[in-house]
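Colleague: This is model-v7.cif (mmCIF, C-alpha atoms).
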data_upload
#
loop_
_atom_site.group_PDB
_atom_site.id
_atom_site.type_symbol
_atom_site.label_atom_id
_atom_site.label_comp_id
_atom_site.auth_asym_id
_atom_site.auth_seq_id
_atom_site.Cartn_x
_atom_site.Cartn_y
_atom_site.Cartn_z
ATOM 1 C CA MET A 701 105.031 78.419 118.840
ATOM 2 C CA GLN A 702 104.542 81.086 116.186
ATOM 3 C CA ILE A 703 107.660 82.934 117.334
ATOM 4 C CA LEU A 704 109.633 79.679 117.116
ATOM 5 C CA SER A 705 108.268 79.044 113.617
ATOM 6 C CA VAL A 706 109.270 82.534 112.484
ATOM 7 C CA PHE A 707 112.727 82.112 114.024
ATOM 8 C CA ILE A 708 113.262 78.775 112.279
ATOM 9 C CA SER A 709 112.046 80.222 108.959
ATOM 10 C CA VAL A 710 114.403 83.200 109.174
ATOM 11 C CA VAL A 711 117.431 81.176 110.254
ATOM 12 C CA GLY A 712 116.664 78.391 107.779
ATOM 13 C CA GLY A 713 116.154 80.840 104.935
ATOM 14 C CA LEU A 714 119.442 82.576 105.649
ATOM 15 C CA ALA A 715 121.265 79.265 105.919
ATOM 16 C CA VAL A 716 119.848 77.943 102.629
ATOM 17 C CA SER A 717 120.642 81.247 100.863
ATOM 18 C CA PHE A 718 124.199 81.159 102.195
ATOM 19 C CA LEU A 719 124.690 77.571 101.019
ATOM 20 C CA ILE A 720 123.326 78.378 97.543
ATOM 21 C CA TYR A 721 125.698 81.315 97.083
ATOM 22 C CA LEU A 722 128.578 79.347 98.578
ATOM 23 C CA GLY A 723 127.972 76.465 96.163
ATOM 24 C CA LEU A 724 127.686 78.733 93.118
ATOM 25 C CA ASN A 725 130.811 80.607 94.113
ATOM 26 C CA PHE A 726 132.681 77.286 94.502
ATOM 27 C CA ILE A 727 131.600 76.203 90.995
ATOM 28 C CA VAL A 728 132.698 79.499 89.425
ATOM 29 C CA ALA A 729 136.022 79.353 91.285
ATOM 30 C CA LYS A 730 136.797 76.084 89.495
ATOM 31 C CA THR A 731 136.633 77.761 86.062
ATOM 32 C CA ASN A 732 139.550 79.559 84.415
ATOM 33 C CA THR A 733 140.289 83.193 85.174
ATOM 34 C CA ARG A 734 138.649 84.610 82.041
ATOM 35 C CA TRP A 735 135.312 82.846 82.659
ATOM 36 C CA ASN A 736 135.578 83.484 86.378
ATOM 37 C CA ALA A 737 135.390 87.263 85.828
ATOM 38 C CA ARG A 738 132.431 86.861 83.466
ATOM 39 C CA LEU A 739 130.382 84.473 85.585
ATOM 40 C CA LEU A 740 131.010 85.858 89.067
ATOM 41 C CA PRO A 741 128.496 88.774 88.816
ATOM 42 C CA TYR A 742 125.761 86.375 87.728
ATOM 43 C CA VAL A 743 126.449 84.151 90.728
ATOM 44 C CA PHE A 744 125.156 86.870 92.996
ATOM 45 C CA LEU A 745 122.566 88.386 90.658
ATOM 46 C CA GLY A 746 121.282 85.130 89.160
ATOM 47 C CA PRO A 747 119.161 83.850 92.076
ATOM 48 C CA VAL A 748 117.638 87.297 92.610
ATOM 49 C CA LEU A 749 116.830 87.691 88.911
ATOM 50 C CA LEU A 750 115.294 84.219 88.912
ATOM 51 C CA LEU A 751 113.060 85.124 91.840
ATOM 52 C CA ILE A 752 112.026 88.368 90.122
ATOM 53 C CA ILE A 753 111.153 86.519 86.925
ATOM 54 C CA VAL A 754 109.225 83.721 88.663
ATOM 55 C CA PHE A 755 107.391 85.752 91.289
ATOM 56 C CA LEU A 756 107.012 89.142 89.567
ATOM 57 C CA LEU A 757 107.327 89.139 85.789
ATOM 58 C CA VAL A 758 105.517 85.856 85.115
ATOM 59 C CA PRO A 759 102.514 86.709 87.364
ATOM 60 C CA THR A 760 102.373 90.183 85.813
ATOM 61 C CA GLY A 761 102.263 88.699 82.313
ATOM 62 C CA LEU A 762 99.538 86.252 83.344
ATOM 63 C CA THR A 763 97.535 89.103 84.886
ATOM 64 C CA VAL A 764 97.748 91.133 81.676
ATOM 65 C CA TYR A 765 96.602 88.104 79.677
ATOM 66 C CA GLN A 766 93.776 87.436 82.133
ATOM 67 C CA SER A 767 92.607 91.049 81.777
ATOM 68 C CA LEU A 768 92.005 90.409 78.063
ATOM 69 C CA LEU A 769 89.564 87.574 78.784
ATOM 70 C CA LYS A 770 85.870 88.272 79.240
ATOM 71 C CA THR A 771 83.596 86.173 81.421
ATOM 72 C CA ASP A 772 80.038 85.363 80.333
ATOM 73 C CA GLN A 773 77.028 84.795 82.573
ATOM 74 C CA TYR A 774 77.891 81.094 82.956
ATOM 75 C CA GLY A 775 81.432 81.818 84.146
ATOM 76 C CA LEU A 776 83.058 80.749 80.878
ATOM 77 C CA GLN A 777 85.974 82.841 79.600
ATOM 78 C CA SER A 778 86.845 83.849 76.062
ATOM 79 C CA PHE A 779 89.197 86.361 74.479
ATOM 80 C CA GLY A 780 87.633 89.791 74.631
ATOM 81 C CA GLY A 781 90.489 92.148 73.814
ATOM 82 C CA LEU A 782 90.088 95.461 75.593
ATOM 83 C CA SER A 783 86.418 94.896 76.396
ATOM 84 C CA ASN A 784 87.064 94.733 80.152
ATOM 85 C CA TYR A 785 88.855 98.084 80.072
ATOM 86 C CA VAL A 786 86.122 99.670 77.946
ATOM 87 C CA SER A 787 83.479 98.344 80.314
ATOM 88 C CA LEU A 788 85.288 99.729 83.357
ATOM 89 C CA PHE A 789 85.947 103.188 81.942
ATOM 90 C CA THR A 790 82.378 103.537 80.699
ATOM 91 C CA THR A 791 80.920 102.695 84.112
ATOM 92 C CA PRO A 792 80.187 105.811 86.227
ATOM 93 C CA SER A 793 80.888 103.970 89.481
ATOM 94 C CA PHE A 794 84.401 103.052 88.321
ATOM 95 C CA ILE A 795 85.103 106.657 87.305
ATOM 96 C CA GLN A 796 84.057 107.673 90.809
ATOM 97 C CA THR A 797 86.421 105.028 92.185
ATOM 98 C CA LEU A 798 89.284 106.591 90.212
ATOM 99 C CA ILE A 799 88.334 110.018 91.579
ATOM 100 C CA ASN A 800 88.350 108.607 95.107
ATOM 101 C CA ASN A 801 91.804 107.106 94.523
ATOM 102 C CA LEU A 802 93.051 110.433 93.175
ATOM 103 C CA LEU A 803 91.757 112.172 96.298
ATOM 104 C CA TRP A 804 93.646 109.692 98.477
ATOM 105 C CA ILE A 805 96.805 110.258 96.432
ATOM 106 C CA ILE A 806 96.555 114.024 96.789
ATOM 107 C CA VAL A 807 95.810 114.156 100.504
ATOM 108 C CA VAL A 808 97.379 111.251 102.389
ATOM 109 C CA PRO A 809 101.060 111.266 101.279
ATOM 110 C CA ALA A 810 101.383 115.049 101.590
ATOM 111 C CA VAL A 811 99.731 115.241 105.018
ATOM 112 C CA THR A 812 101.709 112.238 106.282
ATOM 113 C CA VAL A 813 105.026 113.796 105.236
ATOM 114 C CA ILE A 814 104.078 117.182 106.720
ATOM 115 C CA ILE A 815 103.065 115.640 110.060
ATOM 116 C CA GLY A 816 106.116 113.364 110.112
ATOM 117 C CA LEU A 817 108.412 116.269 109.310
ATOM 118 C CA GLY A 818 106.804 118.506 111.937
ATOM 119 C CA VAL A 819 106.947 115.863 114.655
ATOM 120 C CA ALA A 820 110.541 114.914 113.772
ATOM 121 C CA THR A 821 111.656 118.553 113.910
ATOM 122 C CA LEU A 822 109.921 119.325 117.217
ATOM 123 C CA ALA A 823 110.925 116.059 118.893
ATOM 124 C CA ASP A 824 114.557 116.743 118.000
ATOM 125 C CA ARG A 825 114.470 119.738 120.346
ATOM 126 C CA MET A 826 112.906 118.022 123.376
ATOM 127 C CA GLY A 827 116.004 116.426 124.845
ATOM 128 C CA PRO A 828 117.113 112.791 124.447
ATOM 129 C CA LYS A 829 114.865 111.231 127.115
ATOM 130 C CA ARG A 830 111.646 113.053 126.245
ATOM 131 C CA GLU A 831 112.385 112.662 122.543
ATOM 132 C CA LYS A 832 112.508 108.862 122.836
ATOM 133 C CA THR A 833 109.271 108.757 124.832
ATOM 134 C CA PHE A 834 107.429 111.072 122.468
ATOM 135 C CA LYS A 835 108.645 109.256 119.355
ATOM 136 C CA SER A 836 107.682 105.895 120.840
ATOM 137 C CA ILE A 837 104.128 107.127 121.351
ATOM 138 C CA ILE A 838 103.882 108.459 117.797
ATOM 139 C CA PHE A 839 105.400 105.280 116.362
ATOM 140 C CA LEU A 840 103.138 102.966 118.375
ATOM 141 C CA PRO A 841 100.347 102.710 115.725
ATOM 142 C CA MET A 842 102.877 101.110 113.343
ATOM 143 C CA ALA A 843 102.893 98.089 115.661
ATOM 144 C CA ILE A 844 99.240 97.211 115.013
ATOM 145 C CA SER A 845 97.593 95.929 111.853
ATOM 146 C CA ALA A 846 95.337 97.980 109.614
ATOM 147 C CA ILE A 847 92.335 95.864 110.611
ATOM 148 C CA ALA A 848 93.026 96.467 114.300
ATOM 149 C CA ALA A 849 93.357 100.187 113.597
ATOM 150 C CA SER A 850 90.034 100.088 111.750
ATOM 151 C CA SER A 851 88.384 98.501 114.780
ATOM 152 C CA ILE A 852 89.761 101.231 117.029
ATOM 153 C CA TRP A 853 88.592 104.027 114.762
ATOM 154 C CA GLN A 854 85.192 102.422 114.268
ATOM 155 C CA PHE A 855 84.486 103.368 117.872
ATOM 156 C CA VAL A 856 85.703 106.904 117.221
ATOM 157 C CA TYR A 857 83.227 107.299 114.330
ATOM 158 C CA TYR A 858 80.496 105.107 115.850
ATOM 159 C CA TYR A 859 76.956 106.229 115.154
ATOM 160 C CA THR A 860 73.894 105.711 117.290
ATOM 161 C CA ALA A 861 70.405 106.859 116.321
ATOM 162 C CA PRO A 862 68.970 110.008 117.924
ATOM 163 C CA GLY A 863 67.579 109.235 121.364
ATOM 164 C CA GLN A 864 70.114 106.458 121.994
ATOM 165 C CA PRO A 865 73.193 106.901 124.215
ATOM 166 C CA VAL A 866 76.050 108.474 122.255
ATOM 167 C CA VAL A 867 78.967 106.027 122.105
ATOM 168 C CA GLY A 868 81.282 107.325 119.377
ATOM 169 C CA LEU A 869 83.948 109.835 120.409
ATOM 170 C CA LEU A 870 83.441 112.079 117.385
ATOM 171 C CA ASN A 871 79.671 112.143 117.848
ATOM 172 C CA GLY A 872 80.187 112.827 121.537
ATOM 173 C CA ILE A 873 82.206 115.929 120.654
ATOM 174 C CA TRP A 874 79.770 116.884 117.893
ATOM 175 C CA THR A 875 76.614 116.625 120.001
ATOM 176 C CA GLY A 876 78.307 118.267 122.971
ATOM 177 C CA LEU A 877 79.400 121.326 120.984
ATOM 178 C CA THR A 878 76.437 121.756 118.627
ATOM 179 C CA LYS A 879 73.568 120.105 120.571
ATOM 180 C CA ALA A 880 72.626 118.522 117.222
ATOM 181 C CA ASP A 881 71.773 114.903 116.477
ATOM 182 C CA PRO A 882 74.575 112.374 115.995
ATOM 183 C CA VAL A 883 75.941 112.060 112.469
ATOM 184 C CA ALA A 884 76.568 108.802 110.591
ATOM 185 C CA TRP A 885 80.063 109.933 109.663
ATOM 186 C CA LEU A 886 81.106 106.946 107.575
ATOM 187 C CA GLN A 887 77.903 107.163 105.536
ATOM 188 C CA ASN A 888 78.181 110.890 104.905
ATOM 189 C CA ASP A 889 79.743 111.385 101.463
ATOM 190 C CA THR A 890 79.082 115.115 101.318
ATOM 191 C CA ALA A 891 82.352 116.667 100.095
ATOM 192 C CA HIS A 892 83.881 113.182 100.605
ATOM 193 C CA VAL A 893 83.697 113.565 104.389
ATOM 194 C CA ASN A 894 83.674 109.807 104.956
ATOM 195 C CA SER A 895 86.691 109.270 102.690
ATOM 196 C CA LEU A 896 88.579 112.018 104.517
ATOM 197 C CA LEU A 897 87.815 110.322 107.828
ATOM 198 C CA LEU A 898 89.189 107.054 106.471
ATOM 199 C CA MET A 899 92.310 108.933 105.405
ATOM 200 C CA VAL A 900 92.824 110.010 109.014
ATOM 201 C CA VAL A 901 93.257 106.356 109.961
ATOM 202 C CA VAL A 902 95.927 105.780 107.287
ATOM 203 C CA ILE A 903 97.742 108.998 108.242
ATOM 204 C CA TRP A 904 97.638 107.943 111.899
ATOM 205 C CA LEU A 905 99.207 104.601 110.977
ATOM 206 C CA ASN A 906 101.971 106.020 108.753
ATOM 207 C CA ALA A 907 102.926 109.219 110.602
ATOM 208 C CA GLY A 908 105.299 107.285 112.866
ATOM 209 C CA TYR A 909 107.052 105.712 109.889
ATOM 210 C CA ALA A 910 107.534 109.123 108.262
ATOM 211 C CA MET A 911 108.721 110.609 111.550
ATOM 212 C CA VAL A 912 111.419 107.974 112.142
ATOM 213 C CA LEU A 913 112.961 108.266 108.666
ATOM 214 C CA LEU A 914 112.771 112.059 108.536
ATOM 215 C CA SER A 915 114.143 112.393 112.057
ATOM 216 C CA ALA A 916 117.159 110.287 111.091
ATOM 217 C CA ALA A 917 117.661 112.433 107.990
ATOM 218 C CA ILE A 918 117.466 115.669 110.002
ATOM 219 C CA LYS A 919 120.027 114.377 112.504
ATOM 220 C CA GLY A 920 122.328 113.619 109.564
ATOM 221 C CA VAL A 921 122.369 117.257 108.406
ATOM 222 C CA PRO A 922 125.778 118.807 109.253
ATOM 223 C CA GLU A 923 125.394 121.245 112.130
ATOM 224 C CA GLU A 924 127.945 123.550 110.476
ATOM 225 C CA THR A 925 125.565 124.366 107.622
ATOM 226 C CA ILE A 926 122.804 125.319 110.053
ATOM 227 C CA GLU A 927 125.145 127.460 112.128
ATOM 228 C CA ALA A 928 126.399 129.191 108.985
ATOM 229 C CA ALA A 929 122.815 130.076 108.051
ATOM 230 C CA ARG A 930 122.173 131.492 111.528
ATOM 231 C CA ILE A 931 125.357 133.554 111.356
ATOM 232 C CA ASP A 932 124.139 134.958 108.030
ATOM 233 C CA GLY A 933 120.985 136.161 109.799
ATOM 234 C CA ALA A 934 118.530 133.398 108.952
ATOM 235 C CA ASN A 935 115.843 132.657 111.519
ATOM 236 C CA GLU A 936 114.802 129.107 112.469
ATOM 237 C CA ARG A 937 112.141 128.862 109.769
ATOM 238 C CA GLN A 938 114.469 130.115 107.050
ATOM 239 C CA ALA A 939 117.280 127.825 108.230
ATOM 240 C CA PHE A 940 114.967 124.834 108.069
ATOM 241 C CA PHE A 941 113.448 125.470 104.650
ATOM 242 C CA ARG A 942 116.609 126.775 102.967
ATOM 243 C CA VAL A 943 119.274 124.604 104.586
ATOM 244 C CA VAL A 944 117.793 121.514 106.244
ATOM 245 C CA ALA A 945 114.962 120.698 103.835
ATOM 246 C CA PRO A 946 117.115 120.692 100.656
ATOM 247 C CA GLN A 947 119.585 118.315 102.306
ATOM 248 C CA ILE A 948 116.901 115.815 103.302
ATOM 249 C CA ARG A 949 114.982 116.074 100.023
ATOM 250 C CA ALA A 950 115.816 112.488 99.034
ATOM 251 C CA THR A 951 114.353 111.144 102.273
ATOM 252 C CA ILE A 952 111.245 113.304 101.909
ATOM 253 C CA VAL A 953 110.719 111.996 98.376
ATOM 254 C CA ALA A 954 111.291 108.391 99.495
ATOM 255 C CA VAL A 955 108.764 108.675 102.323
ATOM 256 C CA PHE A 956 106.260 110.446 100.080
ATOM 257 C CA ILE A 957 106.505 107.812 97.344
ATOM 258 C CA THR A 958 106.344 104.902 99.805
ATOM 259 C CA VAL A 959 103.143 106.254 101.349
ATOM 260 C CA LEU A 960 101.834 107.090 97.870
ATOM 261 C CA ILE A 961 102.254 103.503 96.668
ATOM 262 C CA THR A 962 100.665 102.222 99.895
ATOM 263 C CA VAL A 963 97.662 104.462 99.297
ATOM 264 C CA MET A 964 97.305 103.491 95.640
ATOM 265 C CA LYS A 965 96.887 99.808 96.558
ATOM 266 C CA LEU A 966 94.888 100.468 99.726
ATOM 267 C CA PHE A 967 92.278 97.852 100.587
ATOM 268 C CA ASP A 968 92.098 96.777 104.226
ATOM 269 C CA ILE A 969 91.031 100.059 105.842
ATOM 270 C CA VAL A 970 88.225 100.619 103.341
ATOM 271 C CA PHE A 971 87.129 96.975 103.481
ATOM 272 C CA ALA A 972 86.979 96.894 107.283
ATOM 273 C CA MET A 973 85.227 100.238 107.791
ATOM 274 C CA THR A 974 82.850 100.758 104.849
ATOM 275 C CA SER A 975 83.341 97.839 102.408
ATOM 276 C CA GLY A 976 83.585 100.492 99.687
ATOM 277 C CA GLN A 977 80.012 101.657 100.212
ATOM 278 C CA PHE A 978 78.789 105.245 100.531
ATOM 279 C CA ASN A 979 81.094 106.465 97.755
ATOM 280 C CA THR A 980 84.321 105.323 99.465
ATOM 281 C CA ASN A 981 85.345 102.678 96.923
ATOM 282 C CA VAL A 982 88.990 102.499 95.811
ATOM 283 C CA LEU A 983 90.865 100.372 93.268
ATOM 284 C CA GLY A 984 91.910 97.741 95.798
ATOM 285 C CA MET A 985 88.297 97.340 96.890
ATOM 286 C CA GLU A 986 87.128 97.292 93.273
ATOM 287 C CA PHE A 987 89.471 94.380 92.542
ATOM 288 C CA TYR A 988 88.053 92.467 95.500
ATOM 289 C CA ASN A 989 84.476 93.096 94.387
ATOM 290 C CA GLN A 990 85.120 92.100 90.788
ATOM 291 C CA PHE A 991 86.998 88.914 91.698
ATOM 292 C CA PHE A 992 85.105 87.603 94.721
ATOM 293 C CA SER A 993 81.691 89.280 94.642
ATOM 294 C CA PHE A 994 81.009 89.391 90.898
ATOM 295 C CA ASN A 995 83.162 86.354 89.953
ATOM 296 C CA ASN A 996 84.757 88.271 87.095
ATOM 297 C CA PRO A 997 88.523 87.587 87.097
ATOM 298 C CA GLY A 998 88.955 89.374 83.756
ATOM 299 C CA LYS A 999 87.730 92.716 85.081
ATOM 300 C CA ALA A 1000 89.570 92.147 88.363
ATOM 301 C CA SER A 1001 92.811 91.637 86.421
ATOM 302 C CA ALA A 1002 92.084 94.761 84.373
ATOM 303 C CA VAL A 1003 91.832 96.743 87.614
ATOM 304 C CA VAL A 1004 95.237 95.366 88.666
ATOM 305 C CA VAL A 1005 96.785 96.282 85.299
ATOM 306 C CA ILE A 1006 95.413 99.819 85.606
ATOM 307 C CA LEU A 1007 96.983 100.037 89.051
ATOM 308 C CA ILE A 1008 100.326 98.744 87.726
ATOM 309 C CA ILE A 1009 100.314 101.315 84.922
ATOM 310 C CA ALA A 1010 99.572 104.065 87.446
ATOM 311 C CA VAL A 1011 102.429 102.971 89.734
ATOM 312 C CA ILE A 1012 105.106 102.698 87.010
ATOM 313 C CA PRO A 1013 105.655 106.504 86.572
ATOM 314 C CA VAL A 1014 106.004 106.851 90.349
ATOM 315 C CA ILE A 1015 108.668 104.142 90.471
ATOM 316 C CA ILE A 1016 110.533 105.664 87.502
ATOM 317 C CA TYR A 1017 110.565 109.050 89.253
ATOM 318 C CA GLN A 1018 111.867 107.448 92.454
ATOM 319 C CA VAL A 1019 114.667 105.643 90.603
ATOM 320 C CA ARG A 1020 115.677 108.867 88.849
ATOM 321 C CA THR A 1021 115.723 110.707 92.169
ATOM 322 C CA TYR A 1022 118.007 108.089 93.700
ATOM 323 C CA ARG A 1023 120.342 108.290 90.705
ATOM 324 C CA GLN A 1024 120.519 112.080 90.972
ATOM 325 C CA GLN A 1025 121.390 111.787 94.654
ATOM 326 C CA GLU A 1026 124.125 109.258 93.874
ATOM 327 C CA VAL A 1027 125.597 111.654 91.301
ATOM 328 C CA LEU A 1028 125.620 114.487 93.829
ATOM 329 C CA ARG A 1029 127.454 112.276 96.319
#
Turn the structure described in the file into structure tokens.

Modeller:
Amino acid sequence: MQILSVFISVVGGLAVSFLIYLGLNFIVAKTNTRWNARLLPYVFLGPVLLLIIVFLLVPTGLTVYQSLLKTDQYGLQSFGGLSNYVSLFTTPSFIQTLINNLLWIIVVPAVTVIIGLGVATLADRMGPKREKTFKSIIFLPMAISAIAASSIWQFVYYYTAPGQPVVGLLNGIWTGLTKADPVAWLQNDTAHVNSLLLMVVVIWLNAGYAMVLLSAAIKGVPEETIEAARIDGANERQAFFRVVAPQIRATIVAVFITVLITVMKLFDIVFAMTSGQFNTNVLGMEFYNQFFSFNNPGKASAVVVILIIAVIPVIIYQVRTYRQQEVLR
């Protein structure tokens, strides 16, 4: 039933979109030639711009306005200016949340791209049949939700008290190698160990995505350039970093930025595995706490605005990179 509903929604949406564009194009075609040339671009851009305004710009403006409202103890709101932002940035726990987010930004995108690039390069040399099988296995985590992945990895990190049967895989390895007591991994914030373990889950989920895109980019590199490098005496490592990597730079940047944005708004993994406790809180979790737990929509909106401001430079860099690539082409 759900599959049928999705099918009807997709087909119906395409049909309605086609009819809208067909009708607008018919109306423009009835105008004179001078107005036809002026109006035709807006026929195709108009509906998209309308959707952007209604579903992106208007909600963003309302969120910014909401972030300027403070909520008193009775739940009543009044204009508070930047009081929500001042309150957040003067709270030590929120500063720690920003540090946690920064750690995610530094580690996860880079490691995901490195693993994806390594797997794509090695799989490309395994032969067509084995390559497809290996890539399918690596890509498989992309088929499950983040909550399902959290449930799987909960058993990997599962903790049982000393004297109880060891259930978790990681504690099984730990106790087997060191003969020490099991460790509550997700509660251990020493050197951000628990946050790093949560990052493993996100990397595991996104490595297949990075691998597929980077593998396609590597296959698109002209073989002549690689052969020329080998003729000039370059070994495999030099050929990759000096010939292949520069030619797939745009794809590497795109994958990196996509994972980066995913990490910046991360919520589900943290919510399902630690609920932001034990010094694992991130901005997405902070928004949830402020809005639903503390019933403070003003501060929750301020968290969203901070996240938007942080994402804007990343998007600008990505757009500039695409433009540079278009110029080179």

Colleague: How many Å separate CA of Asn871 (chain A) from CA of Tyr857 (chain A)?

Modeller: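 Those two atoms sit 7.0 Å apart.
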
Colleague: In Å, with one decimal, what is the gap from CA of Val748 (chain A) to CA of Ile727 (chain A)?

Modeller: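 Between these atoms lies a distance of 17.9 Å.
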
Colleague: Using Å and a single decimal, report how far CA of Val912 (chain A) sits from CA of Val943 (chain A).

Modeller: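 It comes out at 19.9 Å.
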
Colleague: If the PyMOL selection byres ((chain A and resi 803) around 12) is run on the structure shown, which residues does it catch, given as a PyMOL selection string?

Modeller: chain A and resi 796-802+804-810+891-893+895-896+898-899+960+963-964+980-982

Colleague: Tell me which of A:Pro741, A:Gly827, A:Gly998, A:Gly872 sits closest to Leu788 (chain A), counting only C-alpha atoms.

Modeller: A:Gly998

Colleague: Return as a tab-separated table the residues of region 913-996 of chain A lying at most 12 Å from region 1008-1023 of chain A, together with the closest atom-to-atom pair for each and the distance in Å to one decimal, counting all atoms listed in the file, with rows in chain order and ascending residue number.

Modeller:
residue	atom	partner	partner_atom	distance
A:Arg949	CA	A:Thr1021	CA	9.5
A:Ala950	CA	A:Thr1021	CA	7.1
A:Thr951	CA	A:Tyr1022	CA	9.8
A:Ile952	CA	A:Thr1021	CA	11.0
A:Val953	CA	A:Gln1018	CA	7.6
A:Ala954	CA	A:Gln1018	CA	7.1
A:Val955	CA	A:Gln1018	CA	10.4
A:Phe956	CA	A:Gln1018	CA	9.9
A:Ile957	CA	A:Val1014	CA	7.1
A:Thr958	CA	A:Gln1018	CA	9.5
A:Val959	CA	A:Val1014	CA	11.4
A:Leu960	CA	A:Val1014	CA	8.6
A:Ile961	CA	A:Val1011	CA	7.0
A:Thr962	CA	A:Val1011	CA	10.3
A:Val963	CA	A:Val1011	CA	10.8
A:Met964	CA	A:Val1011	CA	7.8
A:Lys965	CA	A:Val1011	CA	9.3
A:Leu983	CA	A:Ile1008	CA	11.1
A:Gly984	CA	A:Ile1008	CA	11.7

Colleague: Could you write out the selected residues, including C-alpha atoms, as a tab-separated table (two decimals), keeping the file's coordinate frame?

Modeller:
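again.tsv written:
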chain	number	residue	atom	x	y	z
A	949	ARG	CA	114.98	116.07	100.02
A	950	ALA	CA	115.82	112.49	99.03
A	951	THR	CA	114.35	111.14	102.27
A	952	ILE	CA	111.24	113.30	101.91
A	953	VAL	CA	110.72	112.00	98.38
A	954	ALA	CA	111.29	108.39	99.50
A	955	VAL	CA	108.76	108.68	102.32
A	956	PHE	CA	106.26	110.45	100.08
A	957	ILE	CA	106.50	107.81	97.34
A	958	THR	CA	106.34	104.90	99.80
A	959	VAL	CA	103.14	106.25	101.35
A	960	LEU	CA	101.83	107.09	97.87
A	961	ILE	CA	102.25	103.50	96.67
A	962	THR	CA	100.66	102.22	99.90
A	963	VAL	CA	97.66	104.46	99.30
A	964	MET	CA	97.30	103.49	95.64
A	965	LYS	CA	96.89	99.81	96.56
A	983	LEU	CA	90.86	100.37	93.27
A	984	GLY	CA	91.91	97.74	95.80

Colleague: So, with only C-alpha atoms as the atoms that count, which of A:Val813, A:Val944, A:Ala916, A:Met842 lies closest to Ala929 (chain A)?

Modeller: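 Ranking A:Val813, A:Val944, A:Ala916, A:Met842 by distance to Ala929 (chain A), first place goes to A:Val944.
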
Colleague: To test your reading of the syntax: which residues would the PyMOL selection byres ((chain A and resi 975) around 12) return for the file shown? Reply as a list in words.

Modeller: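 Checked against the file, the PyMOL selection byres ((chain A and resi 975) around 12) matches Ser850, Leu886, Gln887, Ser895, Leu898, Phe967, Asp968, Ile969, Val970, Phe971, Ala972, Met973, Thr974, Gly976, Gln977, Phe978, Asn979, Thr980, Asn981, Val982, Gly984, Met985, Glu986, Tyr988, Asn989 and Ser993 of chain A.
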
Colleague: Using 4 Å of padding on each side, determine the axis-aligned box around all atoms of region 895-898 of chain A present in the file and give its centre and edge lengths in Å to one decimal, as lines of an AutoDock Vina configuration file.

Modeller:
center_x = 87.9
center_y = 109.5
center_z = 105.3
size_x = 10.5
size_y = 13.0
size_z = 13.1

Colleague: Which residue is closest to Ala846 (chain A)? Choose from A:Val867, A:Val901, A:Leu749, A:Ala939 and count all atoms listed in the file.

Modeller: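 Ranking A:Val867, A:Val901, A:Leu749, A:Ala939 by distance to Ala846 (chain A), first place goes to A:Val901.
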
Colleague: Could you pull the residues within 6 Å of Val856 (chain A), counting all atoms listed in the file, minus those fewer than 6 positions along the same chain, as a VMD selection string?

Modeller: chain A and resid 868 to 870

Colleague: Just want the 12 Å neighbourhood of region 772-781 of chain A, counted on only C-alpha atoms, with same-chain residues fewer than 2 positions away dropped. Output as a PyMOL selection string.

Modeller: chain A and resi 764-770+783-787+991+994-999+1002

Colleague: My list of candidates is A:Pro841, A:Gly908, A:Gly746, A:Pro792. Which is closest to Val819 (chain A) when distances are computed with all atoms listed in the file?

Modeller: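 Closest to Val819 (chain A) of all the choices is A:Gly908.
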
Colleague: Given the PyMOL selection byres ((chain A and resi 904) around 10) and the file above, list the residues it selects as a PyMOL selection string.

Modeller: chain A and resi 812+815+838-842+849+899-903+905-909

Colleague: Counting only C-alpha atoms, note down every residue that has an atom within 8 Å of the point (112.9, 116.0, 113.6) (file coordinates), as a list in words.

Modeller: Leu817, Gly818, Val819, Ala820, Thr821, Leu822, Ala823, Asp824, Arg825, Met911, Leu914, Ser915, Ala916, Ile918 and Lys919 of chain A

Colleague: Quick test: take region 893-900 of chain A, keep N, CA and C atoms, and write it as a PDB file, in the first residue's frame.

Modeller:
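The result, stored in selection00.pdb:
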ATOM      1  N   VAL A 893      35.893  10.322  23.664  1.00  0.00           N
ATOM      2  CA  VAL A 893      35.826   8.959  23.140  1.00  0.00           C
ATOM      3  C   VAL A 893      34.421   8.623  22.670  1.00  0.00           C
ATOM      4  N   ASN A 894      33.403   8.978  23.474  1.00  0.00           N
ATOM      5  CA  ASN A 894      32.039   8.635  23.087  1.00  0.00           C
ATOM      6  C   ASN A 894      31.601   9.367  21.817  1.00  0.00           C
ATOM      7  N   SER A 895      32.001  10.617  21.660  1.00  0.00           N
ATOM      8  CA  SER A 895      31.671  11.342  20.429  1.00  0.00           C
ATOM      9  C   SER A 895      32.355  10.705  19.218  1.00  0.00           C
ATOM     10  N   LEU A 896      33.593  10.279  19.396  1.00  0.00           N
ATOM     11  CA  LEU A 896      34.311   9.635  18.293  1.00  0.00           C
ATOM     12  C   LEU A 896      33.635   8.320  17.898  1.00  0.00           C
ATOM     13  N   LEU A 897      33.102   7.605  18.885  1.00  0.00           N
ATOM     14  CA  LEU A 897      32.403   6.363  18.574  1.00  0.00           C
ATOM     15  C   LEU A 897      31.094   6.629  17.838  1.00  0.00           C
ATOM     16  N   LEU A 898      30.437   7.725  18.168  1.00  0.00           N
ATOM     17  CA  LEU A 898      29.238   8.109  17.415  1.00  0.00           C
ATOM     18  C   LEU A 898      29.606   8.491  15.980  1.00  0.00           C
ATOM     19  N   MET A 899      30.758   9.110  15.815  1.00  0.00           N
ATOM     20  CA  MET A 899      31.205   9.491  14.477  1.00  0.00           C
ATOM     21  C   MET A 899      31.426   8.264  13.595  1.00  0.00           C
ATOM     22  N   VAL A 900      31.849   7.167  14.206  1.00  0.00           N
ATOM     23  CA  VAL A 900      32.056   5.932  13.447  1.00  0.00           C
ATOM     24  C   VAL A 900      30.764   5.508  12.762  1.00  0.00           C
TER      25      VAL A 900
END
